[in-house]
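Chemist: What follows is structure.cif; its format and atoms are mmCIF, C-alpha atoms.
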```cif
data_data
#
loop_
_atom_site.label_atom_id
_atom_site.label_comp_id
_atom_site.auth_asym_id
_atom_site.auth_seq_id
_atom_site.Cartn_x
_atom_site.Cartn_y
_atom_site.Cartn_z
CA MET A 298 40.65 -15.84 -3.14
CA ARG A 299 37.96 -18.34 -4.14
CA TYR A 300 36.00 -17.55 -0.98
CA VAL A 301 36.13 -13.83 -1.78
CA TRP A 302 34.43 -14.51 -5.11
CA ILE A 303 31.86 -16.69 -3.38
CA ALA A 304 31.16 -13.91 -0.87
CA LEU A 305 30.87 -11.30 -3.62
CA GLY A 306 28.51 -13.56 -5.57
CA SER A 307 26.27 -14.03 -2.54
CA LEU A 308 26.21 -10.32 -1.79
CA LEU A 309 25.38 -9.51 -5.39
CA VAL A 310 22.47 -11.96 -5.57
CA VAL A 311 21.01 -10.84 -2.23
CA ALA A 312 21.37 -7.19 -3.30
CA ALA A 313 19.84 -7.91 -6.72
CA ALA A 314 16.87 -9.67 -5.12
CA GLY A 315 16.45 -6.73 -2.73
CA ALA A 316 16.68 -4.23 -5.57
CA GLY A 317 14.07 -6.18 -7.52
CA VAL A 318 11.68 -6.19 -4.57
CA PHE A 319 12.33 -2.50 -3.98
CA TYR A 320 11.71 -1.69 -7.65
CA LEU A 321 8.52 -3.73 -7.85
CA GLY A 322 7.18 -2.40 -4.57
CA ARG A 323 7.92 1.28 -5.04
CA GLU A 324 5.06 3.74 -4.98
CA ARG A 325 4.01 4.71 -8.45
CA ALA A 326 2.59 8.02 -9.55
CA PRO A 327 -1.12 7.93 -10.31
CA ALA A 328 -1.89 6.70 -13.80
CA PRO A 329 -2.65 9.46 -16.32
CA GLY A 330 -6.19 8.11 -16.60
CA ALA A 331 -6.80 8.25 -12.83
CA PRO A 332 -10.00 10.09 -11.94
CA PRO A 333 -9.42 13.71 -10.87
CA LEU A 334 -10.59 15.04 -7.53
CA PRO A 335 -14.28 16.01 -7.53
CA ARG A 336 -14.99 19.67 -8.16
CA VAL A 337 -17.00 21.68 -5.68
CA ALA A 338 -20.76 21.49 -6.17
CA GLU A 339 -22.95 24.50 -6.87
CA GLU A 340 -24.59 26.10 -3.82
CA ARG A 341 -22.82 23.85 -1.35
CA HIS A 342 -20.76 25.22 1.54
CA TYR A 343 -17.06 24.54 1.95
CA TYR A 344 -14.14 25.14 4.25
CA VAL A 345 -11.12 26.46 2.31
CA LEU A 346 -7.62 26.83 3.72
CA LEU A 347 -4.02 26.87 2.63
CA THR A 348 -2.13 24.00 4.17
CA LEU A 349 1.28 25.02 2.92
CA VAL A 350 3.07 28.01 1.43
CA GLU A 351 6.68 27.99 0.30
CA VAL A 352 8.32 31.28 -0.63
CA GLU A 353 11.53 32.15 -2.44
CA PRO A 354 14.68 32.66 -0.41
CA GLY A 355 16.11 36.16 -0.51
CA LYS A 356 16.15 39.37 1.46
CA TRP A 357 13.24 39.31 3.85
CA ASP A 358 13.48 40.63 7.37
CA ALA A 359 16.27 42.61 9.00
CA GLY A 360 19.16 40.52 10.18
CA GLY A 361 18.66 37.99 7.41
CA SER A 362 15.85 36.13 9.12
CA PRO A 363 13.18 34.56 6.89
CA PRO A 364 9.65 36.04 6.69
CA ASP A 365 6.82 35.71 9.19
CA LEU A 366 4.16 34.26 6.91
CA PHE A 367 0.39 34.46 7.11
CA TYR A 368 -2.36 34.53 4.52
CA ARG A 369 -5.80 35.95 3.96
CA ILE A 370 -8.65 34.57 1.90
CA ARG A 371 -10.83 37.09 0.10
CA TRP A 372 -14.26 36.10 -1.20
CA GLN A 373 -17.00 38.35 -2.55
CA GLY A 374 -14.94 41.45 -1.72
CA HIS A 375 -14.37 40.57 1.92
CA ASP A 376 -11.46 39.14 3.82
CA VAL A 377 -13.25 36.10 5.15
CA PHE A 378 -10.28 34.45 6.80
CA GLU A 379 -6.84 35.30 8.16
CA SER A 380 -4.46 32.56 9.22
CA ALA A 381 -2.12 32.39 12.16
CA THR A 382 1.38 33.75 11.54
CA LYS A 383 4.19 31.30 11.10
CA LYS A 384 7.36 33.01 12.24
CA ASP A 385 10.76 32.95 10.56
CA THR A 386 10.13 30.40 7.87
CA LEU A 387 10.34 29.95 4.13
CA LEU A 388 7.92 27.05 4.34
CA ALA A 389 4.79 27.67 6.37
CA LYS A 390 2.35 24.90 7.16
CA TRP A 391 -1.12 25.23 8.62
CA SER A 392 -3.41 22.51 9.87
CA ASN A 393 -7.17 22.31 9.68
CA ALA A 394 -7.58 23.28 13.26
CA ALA A 395 -6.01 24.86 16.27
CA VAL A 396 -7.10 23.57 19.63
CA ALA A 397 -5.77 24.79 22.94
CA PRO A 398 -4.59 22.05 25.31
CA GLY A 399 -7.43 22.93 27.68
CA ASP A 400 -9.96 22.20 24.95
CA LEU A 401 -8.95 18.57 24.99
CA VAL A 402 -10.01 18.39 28.62
CA ASN A 403 -13.04 20.66 28.55
CA GLY A 404 -14.40 19.64 25.19
CA VAL A 405 -14.09 21.42 21.88
CA SER A 406 -16.55 22.57 19.26
CA LEU A 407 -15.55 21.08 15.95
CA ASP A 408 -16.67 24.06 13.91
CA ASP A 409 -15.02 26.63 16.19
CA SER A 410 -11.73 24.83 16.01
CA ILE A 411 -11.59 24.70 12.22
CA LYS A 412 -9.28 27.42 10.98
CA ALA A 413 -10.48 27.97 7.44
CA ALA A 414 -12.57 30.27 5.28
CA ARG A 415 -16.23 29.37 4.83
CA ILE A 416 -17.53 29.87 1.33
CA THR A 417 -20.47 28.89 -0.79
CA ALA A 418 -19.69 27.56 -4.24
CA ARG A 419 -21.36 29.69 -6.89
CA ALA A 420 -20.65 29.87 -10.59
CA GLY A 421 -18.72 33.00 -11.51
CA ASP A 422 -17.37 33.56 -8.00
CA ALA A 423 -13.65 33.77 -7.42
CA ILE A 424 -11.57 33.30 -4.31
CA GLU A 425 -8.34 35.23 -3.75
CA PHE A 426 -5.40 34.03 -1.69
CA LEU A 427 -3.06 36.73 -0.37
CA VAL A 428 0.19 35.82 1.38
CA PHE A 429 1.98 38.38 3.55
CA ASP A 430 5.18 38.79 5.50
CA SER A 431 4.04 40.09 8.89
CA ASP A 432 6.07 43.11 9.97
CA VAL A 433 5.72 45.55 12.86
CA GLY A 434 4.68 48.54 10.81
CA PHE A 435 3.34 47.13 7.57
CA ASP A 436 2.59 43.67 6.29
CA ASP A 437 4.58 43.15 3.09
CA PRO A 438 2.69 41.39 0.30
CA VAL A 439 4.50 38.22 -0.72
CA GLY A 440 2.17 36.96 -3.42
CA SER A 441 -1.47 36.65 -4.35
CA TRP A 442 -3.51 34.66 -6.81
CA THR A 443 -7.13 34.17 -7.72
CA VAL A 444 -8.91 30.89 -8.37
CA ALA A 445 -12.39 30.48 -9.78
CA VAL A 446 -14.52 28.83 -7.12
CA GLY A 447 -15.76 26.39 -9.71
CA ASP A 448 -12.17 25.22 -10.29
CA LEU A 449 -11.62 24.24 -6.65
CA GLU A 450 -11.39 20.52 -6.04
CA VAL A 451 -12.66 18.83 -2.92
CA GLY A 452 -9.63 17.51 -1.04
CA ASP A 453 -6.00 18.59 -1.26
CA GLN A 454 -4.59 20.36 -4.28
CA ALA A 455 -1.17 21.84 -4.98
CA TRP A 456 -0.20 24.89 -6.98
CA SER A 457 3.23 25.68 -8.35
CA ARG A 458 4.30 29.32 -8.67
CA PRO A 459 0.75 30.61 -8.13
CA GLY A 460 1.84 34.24 -7.76
CA GLY A 461 4.50 36.68 -6.51
CA LYS A 462 7.31 35.13 -4.51
CA VAL A 463 5.27 32.07 -3.64
CA VAL A 464 7.03 28.98 -4.96
CA ALA A 465 4.38 26.45 -4.02
CA ALA A 466 1.08 26.37 -2.21
CA GLY A 467 -1.20 23.63 -0.97
CA CYS A 468 -4.92 24.14 -0.59
CA ARG A 469 -7.53 22.01 1.18
CA VAL A 470 -11.25 22.18 0.45
CA LEU A 471 -13.68 20.34 2.71
CA PRO A 472 -17.46 20.26 2.41
CA ILE A 473 -18.96 21.84 5.53
CA ASP A 474 -21.99 19.55 5.57
CA ASP A 475 -19.88 16.44 5.57
CA VAL A 476 -17.28 17.54 8.06
CA GLY A 477 -17.13 15.14 10.90
CA LEU A 478 -14.07 13.60 12.40
CA ALA A 479 -14.39 10.66 10.07
CA SER A 480 -14.24 12.75 6.89
CA LEU A 481 -11.37 14.83 8.19
CA THR A 482 -9.34 11.83 9.15
CA ARG A 483 -9.49 10.16 5.76
CA MET B 266 19.68 -34.54 -10.17
CA SER B 267 22.49 -34.94 -7.69
CA ARG B 268 22.12 -34.03 -4.04
CA LEU B 269 24.76 -31.33 -4.34
CA ARG B 270 22.99 -29.71 -7.26
CA ILE B 271 19.69 -29.64 -5.36
CA LEU B 272 21.43 -28.11 -2.35
CA SER B 273 23.10 -25.56 -4.60
CA ILE B 274 19.77 -24.54 -6.16
CA LEU B 275 18.22 -24.26 -2.72
CA ALA B 276 21.16 -22.11 -1.60
CA TRP B 277 20.55 -19.68 -4.46
CA ALA B 278 16.83 -19.68 -3.66
CA ASN B 279 17.84 -18.85 -0.11
CA HIS B 280 19.74 -15.81 -1.42
CA LEU B 281 16.62 -14.57 -3.22
CA LEU B 282 14.45 -15.15 -0.16
CA LEU B 283 16.89 -13.28 2.04
CA GLY B 284 17.06 -10.34 -0.38
CA ALA B 285 13.25 -10.20 -0.48
CA GLY B 286 13.10 -10.54 3.30
CA LEU B 287 15.59 -7.75 3.91
CA PHE B 288 14.12 -5.25 1.45
CA GLY B 289 10.47 -6.29 1.18
CA PRO B 290 7.79 -4.77 3.42
CA CYS B 291 8.25 -6.37 6.82
CA MET B 292 5.80 -4.59 9.11
CA THR B 293 3.29 -1.78 8.96
CA VAL B 294 3.01 0.38 12.05
CA THR B 295 -0.36 2.11 12.46
CA PRO B 296 -0.21 4.67 15.25
CA HIS B 297 -3.25 5.20 17.46
CA LEU B 298 -4.03 7.52 20.35
CA GLY B 299 -6.61 5.41 22.12
CA HIS B 300 -9.94 7.19 22.54
CA LEU B 301 -8.40 10.45 21.24
CA ASP B 302 -7.51 8.75 17.97
CA ASP B 303 -9.92 10.62 15.68
CA LEU B 304 -9.13 13.98 17.21
CA GLY B 305 -5.39 13.33 17.14
CA ARG B 306 -5.49 12.29 13.50
CA TRP B 307 -7.57 15.31 12.62
CA LEU B 308 -5.09 17.62 14.32
CA GLY B 309 -2.19 15.96 12.60
CA LEU B 310 -0.81 14.55 15.84
CA VAL B 311 -1.06 10.94 14.69
CA ASP B 312 1.17 9.78 11.88
CA GLU B 313 -0.09 7.91 8.88
CA PRO B 314 0.62 4.16 8.85
CA ARG B 315 4.21 3.46 7.89
CA THR B 316 5.68 0.35 6.38
CA TYR B 317 9.22 -0.71 7.13
CA SER B 318 11.46 -3.34 5.66
CA VAL B 319 14.21 -4.86 7.78
CA ALA B 320 16.71 -2.67 5.90
CA THR B 321 14.77 0.61 6.29
CA GLY B 322 14.04 -0.26 9.93
CA ILE B 323 17.75 -0.65 10.64
CA LEU B 324 18.51 2.60 8.79
CA GLN B 325 15.86 4.44 10.80
CA LEU B 326 17.33 3.15 14.04
CA LEU B 327 20.87 4.13 13.09
CA ARG B 328 19.81 7.57 11.87
CA GLY B 329 17.66 8.08 14.94
CA GLY B 330 20.65 7.61 17.23
CA ASN B 331 19.70 4.12 18.43
CA MET B 332 23.12 2.83 17.48
CA ALA B 333 23.25 -0.17 19.83
CA VAL B 334 19.90 -1.64 18.72
CA GLY B 335 20.62 -0.73 15.12
CA ILE B 336 23.99 -2.46 15.14
CA VAL B 337 22.57 -5.58 16.85
CA LEU B 338 19.86 -5.78 14.21
CA LEU B 339 22.34 -5.11 11.42
CA VAL B 340 24.57 -7.93 12.63
CA PHE B 341 21.86 -10.50 13.34
CA SER B 342 19.42 -9.62 10.58
CA ALA B 343 21.69 -8.75 7.67
CA LEU B 344 25.37 -9.58 8.14
CA PHE B 345 24.90 -12.89 9.93
CA PRO B 346 22.40 -14.38 7.44
CA VAL B 347 24.57 -13.28 4.49
CA ALA B 348 27.64 -14.77 6.17
CA LYS B 349 25.74 -18.04 6.63
CA LEU B 350 24.93 -18.13 2.93
CA VAL B 351 28.53 -17.43 1.97
CA ILE B 352 29.70 -20.26 4.21
CA LEU B 353 27.05 -22.60 2.81
CA ARG B 354 28.13 -21.87 -0.73
CA ALA B 355 31.77 -22.29 0.20
CA ALA B 356 30.96 -25.66 1.78
CA LEU B 357 29.03 -26.71 -1.31
CA ALA B 358 31.89 -25.57 -3.55
CA ASP B 359 34.31 -27.63 -1.47
CA ALA B 360 32.04 -30.64 -1.72
CA ARG B 361 31.75 -30.26 -5.51
CA ARG B 362 35.52 -30.25 -5.79
CA GLY B 363 35.60 -33.48 -3.84
CA GLY B 364 37.78 -31.95 -1.19
CA GLY B 365 35.79 -33.54 1.60
CA ALA B 366 34.72 -31.74 4.71
CA GLY B 367 36.77 -28.63 5.21
CA ARG B 368 36.70 -25.51 7.27
CA ALA B 369 33.56 -24.27 5.51
CA HIS B 370 31.72 -27.44 6.59
CA ASP B 371 32.78 -26.84 10.16
CA LEU B 372 31.60 -23.25 10.05
CA ALA B 373 28.31 -24.25 8.43
CA ALA B 374 27.70 -26.72 11.25
CA ARG B 375 28.54 -24.12 13.90
CA PHE B 376 26.53 -21.31 12.31
CA GLY B 377 23.58 -23.66 11.96
CA ARG B 378 23.18 -23.64 15.71
CA PHE B 379 22.53 -19.92 15.67
CA SER B 380 20.32 -19.96 12.62
CA MET B 381 17.21 -18.85 14.45
CA ALA B 382 18.86 -15.86 16.13
CA ASP B 383 17.79 -13.55 13.29
CA VAL B 384 14.19 -14.78 13.40
CA PHE B 385 14.23 -14.41 17.16
CA VAL B 386 15.26 -10.76 16.82
CA LEU B 387 12.42 -10.17 14.34
CA ALA B 388 9.89 -11.90 16.60
CA LEU B 389 11.11 -9.85 19.55
CA ILE B 390 10.48 -6.61 17.69
CA VAL B 391 6.96 -7.64 16.73
CA VAL B 392 6.13 -8.75 20.27
CA VAL B 393 7.52 -5.56 21.80
CA SER B 394 5.67 -3.46 19.21
CA LYS B 395 2.40 -5.20 20.07
CA SER B 396 2.55 -3.60 23.49
CA PHE B 397 2.71 -0.02 22.21
CA PRO B 398 0.36 2.31 24.08
CA GLY B 399 -2.82 3.77 22.62
CA GLY B 400 -3.67 0.69 20.60
CA THR B 401 -0.92 1.24 18.04
CA THR B 402 -0.87 -1.82 15.85
CA VAL B 403 1.92 -3.59 14.01
CA ASP B 404 0.92 -5.75 11.08
CA VAL B 405 3.39 -8.29 9.80
CA ARG B 406 3.81 -8.14 6.01
CA TRP B 407 5.12 -10.64 3.50
CA GLY B 408 8.74 -9.50 3.85
CA ALA B 409 8.78 -10.88 7.39
CA PHE B 410 7.63 -14.27 6.14
CA ALA B 411 10.27 -14.23 3.39
CA PHE B 412 12.88 -13.37 5.99
CA ALA B 413 11.73 -16.16 8.31
CA ALA B 414 11.62 -18.60 5.39
CA ALA B 415 15.18 -17.62 4.45
CA ALA B 416 16.32 -18.27 8.02
CA LEU B 417 14.54 -21.63 8.16
CA LEU B 418 15.87 -22.69 4.78
CA SER B 419 19.40 -21.77 5.79
CA LEU B 420 18.91 -23.87 8.93
CA VAL B 421 17.91 -26.89 6.84
CA LEU B 422 20.71 -26.30 4.36
CA ALA B 423 23.30 -25.94 7.09
CA ALA B 424 22.15 -29.23 8.57
CA ARG B 425 22.23 -30.98 5.18
CA VAL B 426 25.59 -29.55 4.16
CA SER B 427 27.26 -30.29 7.47
CA ALA B 428 25.73 -33.75 7.80
CA PRO B 429 28.39 -35.65 5.78
CA SER B 430 31.22 -34.12 7.75
CA ARG B 431 29.61 -35.27 10.98
CA ARG B 432 29.10 -38.76 9.65
CA ASP B 433 32.63 -38.94 8.37
CA GLY B 434 33.99 -37.48 11.57
CA GLU B 435 36.16 -35.14 9.52
CA GLY B 436 36.60 -31.50 10.29
CA SER B 437 34.53 -31.62 13.44
CA ARG B 438 35.33 -32.22 17.02
CA ALA B 439 35.01 -35.66 18.47
CA PRO B 440 31.93 -36.04 20.64
CA ARG B 441 32.53 -35.42 24.28
CA THR B 442 32.30 -38.31 26.64
CA ALA B 443 31.50 -38.14 30.29
#
```
Would you mind writing the file's structure down as structure tokens?
Modeler:
Amino acid sequence: MRYVWIALGSLLVVAAAGAGVFYLGRERAPAPGAPPLPRVAEERHYYVLLTLVEVEPGKWDAGGSPPDLFYRIRWQGHDVFESATKKDTLLAKWSNAAVAPGDLVNGVSLDDSIKAARITARAGDAIEFLVFDSDVGFDDPVGSWTVAVGDLEVGDQAWSRPGGKVVAAGCRVLPIDDVGLASLTR
Amino acid sequence: MSRLRILSILAWANHLLLGAGLFGPCMTVTPHLGHLDDLGRWLGLVDEPRTYSVATGILQLLRGGNMAVGIVLLVFSALFPVAKLVILRAALADARRGGGAGRAHDLAARFGRFSMADVFVLALIVVVSKSFPGGTTVDVRWGAFAFAAAALLSLVLAARVSAPSRRDGEGSRAPRTA
């Protein structure tokens, strides 16, 4: 019985030390005073894309399958970008670029491969994000929201319940002038 | 301060070192894709650097279906070192009671011979990881040093705790003669 207590004591101390290390080493949320992401600069050019869209569960397509999601970006009255469609998902994710396997062999133009809207930041401009469920006959609107261009932040930003049935959305803004592999890989 | 008290303090320190070694950051794996590294990272094909502790590494292996490797690591990196500490403390407790060299002393002497098995397993992982393709790097973090220090300290403690029993010739086998 004495050895059982010794074993329990050892286990407890090892576990306590481990818990202490885990607690001290855990990732902390940014401090409230941490500097915000830089806003877009006037008259500069930017790539804008949604990296993620999550929609509410519910009745979507026939047979109970989830929606086929894609989005458009509207700027200055024009649809300046339409994304690829992500089939049967409640959580769609898009990357900066789409490159065919052959491009890796034959070479790829960086700008051509970037799948994003191109905009110029101007005071008073707004950018509209429209998310759709792609259907055979008619694309059903899922949600849309408008953001003042001046409010966009360079880098990744997240929105909660931005509009319609969209639960969460992630947006990435990259300065066109600075886009090289190094800046994209940060 | 008596010898037993010093050994006892060192045994508790060994517990703390082992806990830190098991749960502290042990290695950071930074994936690379050779000359396609930038492009791969840009396309999201290359993961961000990940840091593992011994404990999270074992969990990843077990969850990922690598049961055999996971169990070997669990035994030699977690269960075996803890068992050594339990035996050490039992041997020290016996010594404090003045009971002389008992079964715990015997076990401490025997386990001492395998004290470096856990460090060997850790070193093996790092060496194997160094040969990952595409220039993927593995950086050893402080948790690995804490783990190695715990193993070394337990080796010293096992030798110190089992030493009297060997001298007294109690509780251990007689030396073999040719």
Chemist: Please identify all polymer residues within 10 Å of Phe288 of chain B, counting all atoms listed in the file, omitting same-chain residues fewer than 4 positions from it, and present them as an mmCIF file with C-alpha atoms, in the coordinates of the input.
Modeler:
```
data_model
loop_
_atom_site.group_PDB
_atom_site.id
_atom_site.type_symbol
_atom_site.label_atom_id
_atom_site.label_comp_id
_atom_site.auth_asym_id
_atom_site.auth_seq_id
_atom_site.Cartn_x
_atom_site.Cartn_y
_atom_site.Cartn_z
ATOM 1 C CA VAL A 311 21.010 -10.840 -2.230
ATOM 2 C CA ALA A 312 21.370 -7.190 -3.300
ATOM 3 C CA ALA A 314 16.870 -9.670 -5.120
ATOM 4 C CA GLY A 315 16.450 -6.730 -2.730
ATOM 5 C CA ALA A 316 16.680 -4.230 -5.570
ATOM 6 C CA GLY A 317 14.070 -6.180 -7.520
ATOM 7 C CA VAL A 318 11.680 -6.190 -4.570
ATOM 8 C CA PHE A 319 12.330 -2.500 -3.980
ATOM 9 C CA GLY A 322 7.180 -2.400 -4.570
ATOM 10 C CA LEU B 283 16.890 -13.280 2.040
ATOM 11 C CA GLY B 284 17.060 -10.340 -0.380
ATOM 12 C CA TYR B 317 9.220 -0.710 7.130
ATOM 13 C CA SER B 318 11.460 -3.340 5.660
ATOM 14 C CA VAL B 319 14.210 -4.860 7.780
ATOM 15 C CA ALA B 320 16.710 -2.670 5.900
ATOM 16 C CA THR B 321 14.770 0.610 6.290
ATOM 17 C CA GLY B 322 14.040 -0.260 9.930
ATOM 18 C CA GLY B 408 8.740 -9.500 3.850
ATOM 19 C CA ALA B 409 8.780 -10.880 7.390
ATOM 20 C CA ALA B 411 10.270 -14.230 3.390
ATOM 21 C CA PHE B 412 12.880 -13.370 5.990
#
```
Chemist: Of the candidates A:Leu321, A:Ile416, A:Ala423, A:Cys468, which one gets nearest to Arg341 of chain A if we count all atoms listed in the file?
Modeler: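 Counting all atoms listed in the file, the residue closest to Arg341 of chain A is A:Ile416.
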Chemist: For atom CA of Asp430 of chain A and atom CA of Asp365 of chain A, determine how far apart the two atoms are, in Å to one decimal place.
Modeler: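 Spanning atom CA of Asp430 of chain A to atom CA of Asp365 of chain A is a straight-line distance of 5.1 Å.
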Chemist: Pick out the residues sitting within 12 Å of Ile271 of chain B, and hand them over as a compact mmCIF listing (two decimals) with C-alpha atoms, in the coordinates of the input; count all atoms listed in the file, and ignore anything fewer than 4 positions along from it in its own chain.
Modeler:
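Saved to around.txt:
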```
# COMPACT_ATOMS: atom_id res chain seq x y z
CA MET B 266 19.68 -34.54 -10.17
CA SER B 267 22.49 -34.94 -7.69
CA LEU B 275 18.22 -24.26 -2.72
CA ALA B 276 21.16 -22.11 -1.60
CA TRP B 277 20.55 -19.68 -4.46
CA ALA B 278 16.83 -19.68 -3.66
CA LEU B 357 29.03 -26.71 -1.31
CA LEU B 422 20.71 -26.30 4.36
CA ARG B 425 22.23 -30.98 5.18
CA VAL B 426 25.59 -29.55 4.16
```
Chemist: What do you get, as a list of chain:residue names, if you spell out every residue that the PyMOL selection byres ((chain A and resi 353) around 12) selects here?
Modeler: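 Written out, the selection comes to A:Val350, A:Glu351, A:Val352, A:Pro354, A:Gly355, A:Lys356, A:Trp357, A:Pro363, A:Pro364, A:Thr386, A:Leu387, A:Leu388, A:Ala389, A:Val439, A:Gly440, A:Arg458, A:Gly460, A:Gly461, A:Lys462, A:Val463, A:Val464, A:Ala465, A:Ala466.
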Chemist: Given the file above and the PyMOL selection byres ((chain B and resi 294) around 6), which residues are selected, and can you give them as a list in words?
Modeler: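 For this structure, the PyMOL selection byres ((chain B and resi 294) around 6) captures Thr293, Thr295, Pro314, Arg315, Thr402 and Val403 of chain B.
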Chemist: Please tell me which residues are no farther than 8 Å from (-5.6, 31.8, 9.1) in the file, counting all atoms listed in the file, and write them as a PDB file with C-alpha atoms, keeping the file's coordinate frame.
Modeler:
```
ATOM      1  CA  LEU A 346      -7.620  26.830   3.720  1.00  0.00           C
ATOM      2  CA  PHE A 367       0.390  34.460   7.110  1.00  0.00           C
ATOM      3  CA  TYR A 368      -2.360  34.530   4.520  1.00  0.00           C
ATOM      4  CA  ARG A 369      -5.800  35.950   3.960  1.00  0.00           C
ATOM      5  CA  PHE A 378     -10.280  34.450   6.800  1.00  0.00           C
ATOM      6  CA  GLU A 379      -6.840  35.300   8.160  1.00  0.00           C
ATOM      7  CA  SER A 380      -4.460  32.560   9.220  1.00  0.00           C
ATOM      8  CA  ALA A 381      -2.120  32.390  12.160  1.00  0.00           C
ATOM      9  CA  THR A 382       1.380  33.750  11.540  1.00  0.00           C
ATOM     10  CA  TRP A 391      -1.120  25.230   8.620  1.00  0.00           C
ATOM     11  CA  LYS A 412      -9.280  27.420  10.980  1.00  0.00           C
ATOM     12  CA  ALA A 413     -10.480  27.970   7.440  1.00  0.00           C
TER      13      ALA A 413
END
```
Chemist: Could you tell me which of A:Ile370, A:Val470, A:Ser392, A:Ala414 comes closest to chain B if we count all atoms listed in the file?
Modeler: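 Of A:Ile370, A:Val470, A:Ser392, A:Ala414, the one nearest chain B is A:Ser392, counting all atoms listed in the file.
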Chemist: Would you compute the distance between atom CA of Phe410 of chain B and atom CA of Pro346 of chain B? Give it in Å to one decimal.
Modeler: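 Distance between the two atoms: 14.8 Å.
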Chemist: What does the distance between atom CA of Ile336 of chain B and atom CA of Arg299 of chain A come to in Å, to one decimal place?
Modeler: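 According to the coordinates, atom CA of Ile336 of chain B and atom CA of Arg299 of chain A are separated by 28.6 Å.
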Chemist: Please enumerate the residues selected by the PyMOL selection byres ((chain A and resi 337) around 10) when evaluated against the supplied file, formatted as JSON, numbers by chain.
Modeler: {"A": [334, 335, 336, 338, 339, 340, 341, 342, 343, 417, 418, 419, 446, 447, 448, 449, 450, 451, 452, 470, 471, 472]}
Chemist: Can you tell me, as a PyMOL selection string, what residues are no more than 8 Å from Ile323 of chain B when counting only C-alpha atoms, ignoring any on the same chain fewer than 6 positions away?
Modeler: chain B and resi 335-336+338-339
Chemist: Which residue, B:Ala423, B:Ala358, B:Val334, B:Leu418, has the smallest gap to chain A when you use only C-alpha atoms?
Modeler: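 The shortest atom-to-atom distance to chain A comes from B:Ala358.
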Chemist: Nearest to chain B among A:Ile411, A:Gly360, A:Pro459, A:Gly434, with distances taken over all atoms listed in the file: which residue is it?
Modeler: A:Ile411
Chemist: Return the single residue from A:Asp385, A:Tyr344, A:Ala420, A:Lys390 that is closest to chain B, with distances computed using all atoms listed in the file.
Modeler: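 That would be A:Lys390, the residue with the smallest distance to chain B.
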Chemist: From the set A:Val433, A:Leu366, A:Leu308, A:Met298, which residue has the shortest atom-to-atom contact distance to chain B, counting all atoms listed in the file?
Modeler: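 Looking at the shortest contact to chain B, the residue is A:Leu308.
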